[in-house]
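Pasting run_37.pdb here (PDB, C-alpha atoms, pLDDT in the B column):
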MODEL        1
ATOM      1  CA  MET A   1      -1.390  45.159  26.285  1.00 46.00           C
ATOM      2  CA  THR A   2       0.153  41.845  25.462  1.00 50.00           C
ATOM      3  CA  LEU A   3       0.844  40.673  21.997  1.00 45.00           C
ATOM      4  CA  GLU A   4      -0.250  37.176  21.268  1.00 54.00           C
ATOM      5  CA  ARG A   5       2.063  35.213  19.091  1.00 52.00           C
ATOM      6  CA  ALA A   6       0.739  32.668  16.700  1.00 49.00           C
ATOM      7  CA  ALA A   7       1.919  29.205  17.502  1.00 54.00           C
ATOM      8  CA  PRO A   8       4.610  28.150  15.074  1.00 57.00           C
ATOM      9  CA  ASP A   9       3.770  25.387  12.659  1.00 58.00           C
ATOM     10  CA  PRO A  10       5.111  22.069  13.887  1.00 71.00           C
ATOM     11  CA  PRO A  11       8.105  20.787  11.914  1.00 80.00           C
ATOM     12  CA  ILE A  12       6.006  17.796  10.906  1.00 86.00           C
ATOM     13  CA  ALA A  13       2.217  17.649  10.806  1.00 88.00           C
ATOM     14  CA  PRO A  14       0.737  15.367  13.492  1.00 90.00           C
ATOM     15  CA  ALA A  15      -1.086  13.284  10.853  1.00 91.00           C
ATOM     16  CA  VAL A  16       2.162  12.718   8.961  1.00 93.00           C
ATOM     17  CA  LEU A  17       4.022  11.883  12.185  1.00 94.00           C
ATOM     18  CA  ALA A  18       1.312   9.400  13.214  1.00 95.00           C
ATOM     19  CA  THR A  19       1.403   7.796   9.770  1.00 96.00           C
ATOM     20  CA  THR A  20       5.193   7.538   9.980  1.00 96.00           C
ATOM     21  CA  LEU A  21       4.907   5.748  13.330  1.00 96.00           C
ATOM     22  CA  VAL A  22       2.285   3.346  11.944  1.00 96.00           C
ATOM     23  CA  ILE A  23       4.562   2.625   8.986  1.00 97.00           C
ATOM     24  CA  ALA A  24       7.486   1.954  11.337  1.00 97.00           C
ATOM     25  CA  GLY A  25       5.378  -0.612  13.181  1.00 97.00           C
ATOM     26  CA  GLU A  26       4.297  -2.195   9.919  1.00 96.00           C
ATOM     27  CA  ILE A  27       7.888  -2.436   8.746  1.00 96.00           C
ATOM     28  CA  VAL A  28       8.608  -4.512  11.846  1.00 97.00           C
ATOM     29  CA  PHE A  29       5.504  -6.625  11.157  1.00 96.00           C
ATOM     30  CA  PHE A  30       6.492  -7.318   7.542  1.00 95.00           C
ATOM     31  CA  ALA A  31      10.124  -7.906   8.504  1.00 96.00           C
ATOM     32  CA  GLY A  32       8.893 -10.617  10.883  1.00 95.00           C
ATOM     33  CA  LEU A  33       6.797 -12.229   8.142  1.00 94.00           C
ATOM     34  CA  ILE A  34       9.655 -12.115   5.640  1.00 94.00           C
ATOM     35  CA  PHE A  35      12.096 -13.483   8.230  1.00 95.00           C
ATOM     36  CA  ALA A  36       9.705 -16.340   9.029  1.00 92.00           C
ATOM     37  CA  PHE A  37       9.414 -17.089   5.311  1.00 91.00           C
ATOM     38  CA  TRP A  38      13.206 -17.221   4.918  1.00 93.00           C
ATOM     39  CA  VAL A  39      13.635 -19.450   7.958  1.00 94.00           C
ATOM     40  CA  LEU A  40      11.110 -21.894   6.505  1.00 91.00           C
ATOM     41  CA  ARG A  41      12.515 -21.547   2.995  1.00 90.00           C
ATOM     42  CA  LEU A  42      16.132 -22.124   3.983  1.00 93.00           C
ATOM     43  CA  GLY A  43      15.185 -25.042   6.230  1.00 92.00           C
ATOM     44  CA  ALA A  44      13.303 -26.855   3.489  1.00 89.00           C
ATOM     45  CA  PRO A  45      15.190 -29.444   1.454  1.00 91.00           C
ATOM     46  CA  VAL A  46      13.227 -28.495  -1.706  1.00 89.00           C
ATOM     47  CA  TRP A  47      11.407 -25.231  -2.403  1.00 85.00           C
ATOM     48  CA  PRO A  48       8.716 -25.088  -3.577  1.00 86.00           C
ATOM     49  CA  PRO A  49       7.712 -28.410  -2.065  1.00 86.00           C
ATOM     50  CA  PRO A  50       6.902 -31.250  -4.467  1.00 85.00           C
ATOM     51  CA  LEU A  51       3.459 -31.088  -6.072  1.00 83.00           C
ATOM     52  CA  GLN A  52       3.080 -27.391  -5.268  1.00 84.00           C
ATOM     53  CA  PRO A  53       2.900 -24.800  -8.066  1.00 86.00           C
ATOM     54  CA  ARG A  54       5.607 -22.257  -8.640  1.00 82.00           C
ATOM     55  CA  LEU A  55       4.525 -18.702  -8.070  1.00 82.00           C
ATOM     56  CA  PRO A  56       3.729 -16.638 -11.196  1.00 84.00           C
ATOM     57  CA  ILE A  57       6.766 -14.357 -11.342  1.00 89.00           C
ATOM     58  CA  GLY A  58       5.795 -12.642 -14.633  1.00 92.00           C
ATOM     59  CA  VAL A  59       2.265 -11.674 -13.557  1.00 92.00           C
ATOM     60  CA  THR A  60       3.568 -10.629 -10.151  1.00 91.00           C
ATOM     61  CA  GLY A  61       6.233  -8.452 -11.788  1.00 93.00           C
ATOM     62  CA  VAL A  62       3.712  -6.669 -14.007  1.00 94.00           C
ATOM     63  CA  ASN A  63       1.347  -6.253 -11.051  1.00 94.00           C
ATOM     64  CA  THR A  64       4.191  -4.699  -9.053  1.00 93.00           C
ATOM     65  CA  LEU A  65       4.707  -2.207 -11.899  1.00 96.00           C
ATOM     66  CA  VAL A  66       1.000  -1.315 -11.664  1.00 97.00           C
ATOM     67  CA  LEU A  67       1.423  -0.558  -7.972  1.00 94.00           C
ATOM     68  CA  LEU A  68       4.569   1.491  -8.667  1.00 96.00           C
ATOM     69  CA  ALA A  69       2.657   3.455 -11.318  1.00 97.00           C
ATOM     70  CA  SER A  70       0.034   4.230  -8.686  1.00 97.00           C
ATOM     71  CA  SER A  71       2.798   5.687  -6.558  1.00 97.00           C
ATOM     72  CA  ALA A  72       3.737   7.990  -9.448  1.00 98.00           C
ATOM     73  CA  THR A  73       0.141   9.188  -9.778  1.00 98.00           C
ATOM     74  CA  MET A  74       0.114   9.836  -6.024  1.00 97.00           C
ATOM     75  CA  VAL A  75       3.220  12.028  -6.417  1.00 97.00           C
ATOM     76  CA  ALA A  76       1.309  13.940  -9.091  1.00 97.00           C
ATOM     77  CA  ALA A  77      -1.658  14.255  -6.703  1.00 96.00           C
ATOM     78  CA  VAL A  78       0.523  15.827  -4.007  1.00 94.00           C
ATOM     79  CA  ARG A  79       1.967  18.236  -6.587  1.00 94.00           C
ATOM     80  CA  ALA A  80      -1.560  19.203  -7.624  1.00 94.00           C
ATOM     81  CA  LEU A  81      -2.442  19.748  -3.962  1.00 91.00           C
ATOM     82  CA  ARG A  82       0.535  22.083  -3.512  1.00 89.00           C
ATOM     83  CA  ARG A  83      -0.520  24.026  -6.628  1.00 90.00           C
ATOM     84  CA  GLY A  84      -4.061  24.259  -5.310  1.00 87.00           C
ATOM     85  CA  ASP A  85      -5.412  22.462  -8.393  1.00 90.00           C
ATOM     86  CA  ARG A  86      -8.408  20.633  -6.949  1.00 89.00           C
ATOM     87  CA  THR A  87      -9.457  19.057 -10.250  1.00 93.00           C
ATOM     88  CA  ALA A  88      -6.009  17.593 -10.920  1.00 95.00           C
ATOM     89  CA  LEU A  89      -5.805  16.432  -7.306  1.00 94.00           C
ATOM     90  CA  ALA A  90      -9.078  14.526  -7.634  1.00 95.00           C
ATOM     91  CA  ARG A  91      -8.020  13.008 -10.960  1.00 97.00           C
ATOM     92  CA  ARG A  92      -4.630  11.870  -9.663  1.00 97.00           C
ATOM     93  CA  LEU A  93      -6.126  10.430  -6.484  1.00 97.00           C
ATOM     94  CA  THR A  94      -8.684   8.593  -8.617  1.00 98.00           C
ATOM     95  CA  ALA A  95      -5.930   7.254 -10.883  1.00 98.00           C
ATOM     96  CA  SER A  96      -4.011   6.008  -7.839  1.00 98.00           C
ATOM     97  CA  GLY A  97      -7.125   4.319  -6.519  1.00 98.00           C
ATOM     98  CA  VAL A  98      -7.951   2.701  -9.862  1.00 98.00           C
ATOM     99  CA  LEU A  99      -4.404   1.353 -10.184  1.00 98.00           C
ATOM    100  CA  GLY A 100      -4.516   0.072  -6.594  1.00 97.00           C
ATOM    101  CA  ALA A 101      -7.853  -1.629  -7.258  1.00 98.00           C
ATOM    102  CA  ALA A 102      -6.423  -3.156 -10.452  1.00 97.00           C
ATOM    103  CA  PHE A 103      -3.510  -4.498  -8.408  1.00 97.00           C
ATOM    104  CA  LEU A 104      -5.928  -6.152  -5.968  1.00 97.00           C
ATOM    105  CA  ALA A 105      -8.036  -7.579  -8.799  1.00 97.00           C
ATOM    106  CA  VAL A 106      -4.994  -9.172 -10.446  1.00 96.00           C
ATOM    107  CA  GLN A 107      -3.800 -10.451  -7.086  1.00 94.00           C
ATOM    108  CA  GLY A 108      -7.213 -12.006  -6.453  1.00 94.00           C
ATOM    109  CA  TRP A 109      -7.110 -13.628  -9.896  1.00 94.00           C
ATOM    110  CA  GLU A 110      -3.634 -15.005  -9.111  1.00 93.00           C
ATOM    111  CA  TRP A 111      -4.869 -16.409  -5.800  1.00 92.00           C
ATOM    112  CA  ALA A 112      -7.859 -18.092  -7.420  1.00 92.00           C
ATOM    113  CA  ARG A 113      -5.584 -19.632 -10.033  1.00 92.00           C
ATOM    114  CA  LEU A 114      -3.134 -20.876  -7.402  1.00 92.00           C
ATOM    115  CA  VAL A 115      -5.959 -22.358  -5.318  1.00 92.00           C
ATOM    116  CA  GLY A 116      -7.099 -24.144  -8.484  1.00 91.00           C
ATOM    117  CA  PHE A 117      -3.584 -25.609  -8.776  1.00 90.00           C
ATOM    118  CA  GLY A 118      -3.789 -26.843  -5.179  1.00 89.00           C
ATOM    119  CA  LEU A 119      -1.930 -24.097  -3.312  1.00 91.00           C
ATOM    120  CA  THR A 120      -4.021 -23.273  -0.246  1.00 91.00           C
ATOM    121  CA  VAL A 121      -3.337 -21.960   3.228  1.00 91.00           C
ATOM    122  CA  SER A 122      -3.684 -25.498   4.563  1.00 91.00           C
ATOM    123  CA  SER A 123      -1.511 -27.158   1.895  1.00 87.00           C
ATOM    124  CA  GLY A 124       1.599 -26.728   4.049  1.00 87.00           C
ATOM    125  CA  THR A 125       4.109 -24.105   5.064  1.00 88.00           C
ATOM    126  CA  TYR A 126       4.587 -23.022   1.448  1.00 88.00           C
ATOM    127  CA  GLY A 127       0.928 -22.064   1.033  1.00 91.00           C
ATOM    128  CA  ALA A 128       0.596 -20.726   4.570  1.00 92.00           C
ATOM    129  CA  THR A 129       3.581 -18.398   4.284  1.00 91.00           C
ATOM    130  CA  PHE A 130       2.591 -17.260   0.782  1.00 90.00           C
ATOM    131  CA  TYR A 131      -0.998 -16.396   1.681  1.00 93.00           C
ATOM    132  CA  THR A 132      -0.059 -14.842   5.030  1.00 94.00           C
ATOM    133  CA  LEU A 133       2.563 -12.541   3.558  1.00 93.00           C
ATOM    134  CA  ILE A 134       0.676 -11.644   0.394  1.00 92.00           C
ATOM    135  CA  GLY A 135      -2.644 -11.465   2.227  1.00 94.00           C
ATOM    136  CA  ALA A 136      -1.210  -8.985   4.730  1.00 95.00           C
ATOM    137  CA  HIS A 137       0.041  -6.888   1.822  1.00 94.00           C
ATOM    138  CA  ALA A 138      -3.371  -7.026   0.132  1.00 95.00           C
ATOM    139  CA  ALA A 139      -5.034  -5.934   3.383  1.00 96.00           C
ATOM    140  CA  HIS A 140      -2.708  -2.931   3.509  1.00 96.00           C
ATOM    141  CA  VAL A 141      -3.535  -2.006  -0.079  1.00 96.00           C
ATOM    142  CA  LEU A 142      -7.239  -2.274   0.794  1.00 97.00           C
ATOM    143  CA  VAL A 143      -6.752   0.086   3.772  1.00 97.00           C
ATOM    144  CA  ALA A 144      -4.834   2.490   1.529  1.00 97.00           C
ATOM    145  CA  LEU A 145      -7.661   2.359  -1.036  1.00 97.00           C
ATOM    146  CA  ALA A 146     -10.178   3.253   1.666  1.00 97.00           C
ATOM    147  CA  TRP A 147      -7.954   6.159   2.705  1.00 96.00           C
ATOM    148  CA  VAL A 148      -7.722   7.391  -0.900  1.00 97.00           C
ATOM    149  CA  GLY A 149     -11.520   7.185  -1.071  1.00 96.00           C
ATOM    150  CA  ALA A 150     -11.762   9.283   2.088  1.00 94.00           C
ATOM    151  CA  MET A 151      -9.393  11.853   0.568  1.00 94.00           C
ATOM    152  CA  LEU A 152     -11.522  12.002  -2.583  1.00 94.00           C
ATOM    153  CA  TRP A 153     -14.562  12.621  -0.402  1.00 93.00           C
ATOM    154  CA  LEU A 154     -12.653  15.392   1.416  1.00 89.00           C
ATOM    155  CA  VAL A 155     -11.617  16.995  -1.875  1.00 90.00           C
ATOM    156  CA  ALA A 156     -15.212  16.851  -3.142  1.00 88.00           C
ATOM    157  CA  ARG A 157     -16.580  18.476   0.015  1.00 85.00           C
ATOM    158  CA  GLU A 158     -14.010  21.181   0.599  1.00 78.00           C
ATOM    159  CA  ARG A 159     -10.925  22.621  -0.923  1.00 64.00           C
ATOM    160  CA  PRO A 160      -7.761  21.387   0.788  1.00 60.00           C
ATOM    161  CA  GLY A 161      -5.445  24.332   0.918  1.00 55.00           C
ATOM    162  CA  ALA A 162      -2.957  26.072   3.128  1.00 52.00           C
ATOM    163  CA  GLY A 163      -2.877  24.310   6.450  1.00 58.00           C
ATOM    164  CA  ARG A 164      -5.170  21.531   5.194  1.00 73.00           C
ATOM    165  CA  THR A 165      -2.683  19.448   3.224  1.00 84.00           C
ATOM    166  CA  ALA A 166      -1.666  17.062   6.019  1.00 89.00           C
ATOM    167  CA  PRO A 167      -4.449  14.477   5.491  1.00 90.00           C
ATOM    168  CA  VAL A 168      -3.564  14.050   1.822  1.00 92.00           C
ATOM    169  CA  ALA A 169       0.180  14.127   2.586  1.00 93.00           C
ATOM    170  CA  ALA A 170      -0.261  11.401   5.217  1.00 95.00           C
ATOM    171  CA  CYS A 171      -2.348   9.350   2.786  1.00 96.00           C
ATOM    172  CA  ALA A 172       0.334   9.727   0.114  1.00 96.00           C
ATOM    173  CA  LEU A 173       3.041   8.650   2.574  1.00 96.00           C
ATOM    174  CA  TYR A 174       1.087   5.490   3.426  1.00 97.00           C
ATOM    175  CA  TRP A 175       0.340   4.841  -0.238  1.00 97.00           C
ATOM    176  CA  HIS A 176       4.049   4.947  -1.093  1.00 95.00           C
ATOM    177  CA  PHE A 177       4.759   2.516   1.750  1.00 95.00           C
ATOM    178  CA  VAL A 178       2.153   0.104   0.433  1.00 90.00           C
TER     179      VAL A 178
ENDMDL
END

Turn this file's structure into structure tokens for me.
Amino acid sequence: MTLERAAPDPPIAPAVLATTLVIAGEIVFFAGLIFAFWVLRLGAPVWPPPLQPRLPIGVTGVNTLVLLASSATMVAAVRALRRGDRTALARRLTASGVLGAAFLAVQGWEWARLVGFGLTVSSGTYGATFYTLIGAHAAHVLVALAWVGAMLWLVARERPGAGRTAPVAACALYWHFV
């Protein structure tokens, strides 16, 4: 008679490892965009170029705080998951999603305002680099929002518990990156 041993849990869940690898690739992607921006910025005699609007630092700062607050609610969601509190998990995931959606709404409002002031993708390197970098970030927030929605659907359909925390943990990891 042979005794079968249960396979040990991996040191890191495959979903979390895969998310970490995706994030590593995205760090390289964003580093390239930021580097390109700085090359253009440092090579320009005047920045922003004449007749181009300055970017709204105050609104952007507050919007960044909204996104950071969503990270805090995601931490609370993971804590609720570890406690097995499905109701709190759903509420915290919803709060993270609402804050992320608010971030995108404000960003869209900022973009519309800037387009109204003449800053477009085709208005030169200033507009092109701004919209490329910020647009890529917005796309990542949109992907993260879809993932949070999928996690809410998962929570509504079944109770994540022991051995079923990796999808939410991977989502939270990506959310913090965003």

For this file, the PyMOL selection byres ((chain A and resi 29-33) around 12) selects which residues, as a ChimeraX atom specification? /A:22-28,34-40,128-137,140,177-178

Could you tell me how far atom CA of Leu99 of chain A lies from atom CA of Gly84 of chain A, in Å and to one decimal?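 Calculated distance between atom CA of Leu99 of chain A and atom CA of Gly84 of chain A is 23.4 Å.
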
Using only C-alpha atoms, what table do you get, as a tab-separated table, when you list each residue of segment 2-110 of chain A with an atom no more than 9 Å from segment 164-173 of chain A, its nearest pair of atoms, and their distance in Å rounded to one decimal, rows by chain then rising number?
residue	atom	partner	partner_atom	distance
A:Ala13	CA	A:Ala166	CA	6.2
A:Pro14	CA	A:Ala166	CA	8.0
A:Ala15	CA	A:Ala170	CA	6.0
A:Val16	CA	A:Ala170	CA	4.7
A:Leu17	CA	A:Ala170	CA	8.2
A:Ala18	CA	A:Ala170	CA	8.4
A:Thr19	CA	A:Ala170	CA	6.0
A:Thr20	CA	A:Leu173	CA	7.8
A:Ile23	CA	A:Leu173	CA	8.9
A:Ser71	CA	A:Ala172	CA	8.2
A:Met74	CA	A:Ala172	CA	6.1
A:Val75	CA	A:Ala172	CA	7.5
A:Ala77	CA	A:Ala172	CA	8.4
A:Val78	CA	A:Ala169	CA	6.8
A:Leu81	CA	A:Thr165	CA	7.2
A:Arg82	CA	A:Thr165	CA	7.9

For the residues in that selection, give me C-alpha atoms as a PDB file, in the frame of the given file.
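The file below, result02.pdb, is the result:
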ATOM      1  CA  ALA A  13       2.217  17.649  10.806  1.00 88.00           C
ATOM      2  CA  PRO A  14       0.737  15.367  13.492  1.00 90.00           C
ATOM      3  CA  ALA A  15      -1.086  13.284  10.853  1.00 91.00           C
ATOM      4  CA  VAL A  16       2.162  12.718   8.961  1.00 93.00           C
ATOM      5  CA  LEU A  17       4.022  11.883  12.185  1.00 94.00           C
ATOM      6  CA  ALA A  18       1.312   9.400  13.214  1.00 95.00           C
ATOM      7  CA  THR A  19       1.403   7.796   9.770  1.00 96.00           C
ATOM      8  CA  THR A  20       5.193   7.538   9.980  1.00 96.00           C
ATOM      9  CA  ILE A  23       4.562   2.625   8.986  1.00 97.00           C
ATOM     10  CA  SER A  71       2.798   5.687  -6.558  1.00 97.00           C
ATOM     11  CA  MET A  74       0.114   9.836  -6.024  1.00 97.00           C
ATOM     12  CA  VAL A  75       3.220  12.028  -6.417  1.00 97.00           C
ATOM     13  CA  ALA A  77      -1.658  14.255  -6.703  1.00 96.00           C
ATOM     14  CA  VAL A  78       0.523  15.827  -4.007  1.00 94.00           C
ATOM     15  CA  LEU A  81      -2.442  19.748  -3.962  1.00 91.00           C
ATOM     16  CA  ARG A  82       0.535  22.083  -3.512  1.00 89.00           C
TER      17      ARG A  82
END

Applied to this file, what does the PyMOL selection byres ((chain A and resi 150) around 12) return in terms of residues, put as a PyMOL selection string? chain A and resi 90+93-94+97+143-149+151-157+167-168+171

Selection result of the PyMOL selection byres ((chain A and resi 69) around 12) on this file, as a ChimeraX atom specification: /A:62-68,70-76,92,95-100,102-103,175-176

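With only C-alpha atoms as the atoms that count, the residue of A:Thr87, A:Gln52, A:Thr60, A:Gln107 with the shortest distance to Ala138 of chain A is A:Gln107.
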
Neighbour residues at most 12 Å from (-1.3, -20.6, -9.3) (all atoms listed in the file) as a list in words: Leu51, Gln52, Pro53, Arg54, Leu55, Pro56, Ile57, Gly58, Val59, Thr60, Gln107, Gly108, Trp109, Glu110, Trp111, Ala112, Arg113, Leu114, Val115, Gly116, Phe117, Gly118, Leu119, Thr120, Gly127, Phe130 and Tyr131 of chain A

Around all of segment 26-33 of chain A's listed atoms, make the axis-aligned box with 8 Å on each side and tell me centre and edge lengths in Å to one decimal, as JSON.
{"center_x": 7.2, "center_y": -7.2, "center_z": 9.7, "size_x": 21.8, "size_y": 26.0, "size_z": 20.3}

If I take atom CA of Gly124 of chain A and atom CA of Pro45 of chain A, how far is one from the other in Å, to one decimal? 14.1 Å

Between atom CA of Arg79 of chain A and atom CA of Tyr174 of chain A, what is the distance, to one decimal in Å? 16.2 Å
